[in-house]
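Novice: Before we start, here is the structure in question, set down as structure tokens.
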Amino acid sequence: MMEPLNQVRGYHFLLGVFGNRQKDPFCSVCSAYANTLRAAQEGLAAFEASNVDAIRAMAPQFTAMLAEARSGLSALSEPPAPSGQKRAGNCKLPQGVCFIKASFSLFQQI
């Protein structure tokens with residue numbers, strides 16, 4: 001199981017990634033963005049529900065980070081009609097490389 005403090009830091013990191021990629025013309029409409037955002041939002045809700053005591057015991061700066069991650073991730077919305085940008089030929093990142101998926105994978109490895 002991931003250390004709760006690292007999870008808080010990771011969700012805050014993901015907020016930055018999603019916020020940044022929401023400004024990108026390809027990532028912002030990609031199915032990878034939509035699917036990974038949904039997974040992050042659901043994962044954060046599950047984390048908070050199963051770690052109530054650990055969260056209460058955290059230093060204020062970490063609870064503030066968690067609150068920012070929660071409000072920020074919940075404020076982000078999935079694109080209305082997401083589509084795979086790599087499959088469509090729009091995303092020119094190398095095969096197997098995705099800013100969103102790589103960031104989420106990094107978070108999951110913590």
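Note on naming: chains are A, B, ... as they come in the structure tokens, residues start from 1 per chain, ligands start from 1 in the order shown.
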So which residues touch segment 34-50 of chain A within 8 Å, counting only C-alpha atoms, skipping near sequence neighbours fewer than 3 positions away, as a ChimeraX atom specification?

Specialist: /A:11,14,18,29-31,55,70,73-74,78-79,82,100-101,104

Novice: Emit the selected residues as a compact mmCIF listing (two decimals), in the first residue's frame, including N, CA and C atoms.

Specialist:
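Dumped everything to again03.txt:
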# COMPACT_ATOMS: atom_id res chain seq x y z
N TYR A 11 -1.55 12.89 -5.78
CA TYR A 11 -2.79 13.47 -6.32
C TYR A 11 -2.61 14.95 -6.62
N LEU A 14 -0.83 15.09 -9.86
CA LEU A 14 -1.74 14.81 -10.98
C LEU A 14 -2.62 16.01 -11.30
N PHE A 18 -3.02 17.37 -15.06
CA PHE A 18 -4.30 17.51 -15.75
C PHE A 18 -4.59 18.97 -16.09
N VAL A 29 -8.76 16.75 -25.48
CA VAL A 29 -9.92 16.08 -26.10
C VAL A 29 -9.68 14.57 -26.27
N CYS A 30 -8.60 14.09 -25.67
CA CYS A 30 -8.20 12.70 -25.85
C CYS A 30 -8.93 11.77 -24.89
N SER A 31 -9.19 10.57 -25.34
CA SER A 31 -9.83 9.57 -24.48
C SER A 31 -8.90 9.17 -23.34
N ILE A 55 -5.53 10.79 7.35
CA ILE A 55 -5.68 12.16 6.84
C ILE A 55 -5.83 13.14 8.00
N ARG A 70 -8.39 17.70 -4.29
CA ARG A 70 -9.80 17.30 -4.36
C ARG A 70 -10.62 18.33 -5.14
N LEU A 73 -9.29 18.56 -8.94
CA LEU A 73 -9.64 17.42 -9.79
C LEU A 73 -11.14 17.35 -10.04
N SER A 74 -11.93 17.70 -9.02
CA SER A 74 -13.39 17.64 -9.21
C SER A 74 -13.87 18.76 -10.14
N GLU A 78 -14.35 15.96 -18.05
CA GLU A 78 -13.94 15.18 -19.21
C GLU A 78 -14.38 15.91 -20.48
N PRO A 79 -13.63 15.73 -21.56
CA PRO A 79 -14.07 16.31 -22.82
C PRO A 79 -15.42 15.72 -23.22
N PRO A 82 -14.59 12.57 -26.16
CA PRO A 82 -13.17 12.25 -26.26
C PRO A 82 -12.89 11.21 -27.35
N ILE A 100 -0.22 12.01 -20.20
CA ILE A 100 -1.19 11.68 -19.16
C ILE A 100 -0.94 10.28 -18.59
N LYS A 101 -0.85 9.30 -19.46
CA LYS A 101 -0.66 7.92 -18.99
C LYS A 101 0.67 7.75 -18.27
N PHE A 104 0.33 9.24 -14.76
CA PHE A 104 -0.50 8.40 -13.90
C PHE A 104 0.26 7.13 -13.52

Novice: From the options A:Val8, A:Leu15, A:Ala57, A:Ala32, which residue's atoms come nearest to Ala81 of chain A, counting only C-alpha atoms?

Specialist: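 Residue with the minimum atom-to-atom distance to Ala81 of chain A: A:Ala32.
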
Novice: When distances are computed from only C-alpha atoms, which of A:Leu5, A:Phe13, A:Ile110, A:Ala75 shows the smallest separation from Met58 of chain A?

Specialist: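 Once distances to Met58 of chain A are computed over only C-alpha atoms, the minimum belongs to A:Leu5.
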
Novice: Using only C-alpha atoms, find the one residue out of A:Val97, A:Pro4, A:Gly10, A:Ala69 that sits nearest to Gln109 of chain A.

Specialist: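 When distances to Gln109 of chain A are compared using only C-alpha atoms, the smallest one comes from A:Gly10.
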
Novice: For the atom pair atom CA of Cys91 of chain A and atom CA of Phe107 of chain A, what is the interatomic distance in Å to one decimal place?

Specialist: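 So the two atoms, atom CA of Cys91 of chain A and atom CA of Phe107 of chain A, lie 22.7 Å apart.
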
Novice: Work out how far atom CA of Cys27 of chain A is from atom CA of Phe62 of chain A, in Å to one decimal.

Specialist: 28.6 Å

Novice: Find, counting only C-alpha atoms, the residue in A:Pro60, A:Pro25, A:Gly16, A:Pro94 that gets nearest to Leu76 of chain A.

Specialist: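 Under the stated criterion, the closest residue is A:Gly16.
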
Novice: From the options A:Ser28, A:Val17, A:Arg56, A:Asn6, which residue's atoms come nearest to Gln85 of chain A, counting only C-alpha atoms?

Specialist: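 That would be A:Ser28, the residue with the smallest distance to Gln85 of chain A.
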
Novice: Given the choices A:Glu3, A:Phe26, A:Ala102, A:Gly19, which gets closest to Gly89 of chain A if the distance is worked out from only C-alpha atoms?

Specialist: A:Phe26

Novice: Return as a VMD selection string the full set of residues in chain A whose backbone-based DSSP assignment is alpha helix (DSSP H).

Specialist: chain A and resid 4 to 21 31 to 50 52 to 56 60 to 75 99 to 109

Novice: Which value, in Å to one decimal, gives the distance between atom CA of His12 of chain A and atom CA of Lys86 of chain A?

Specialist: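 Here the two named atoms are 26.6 Å from each other.
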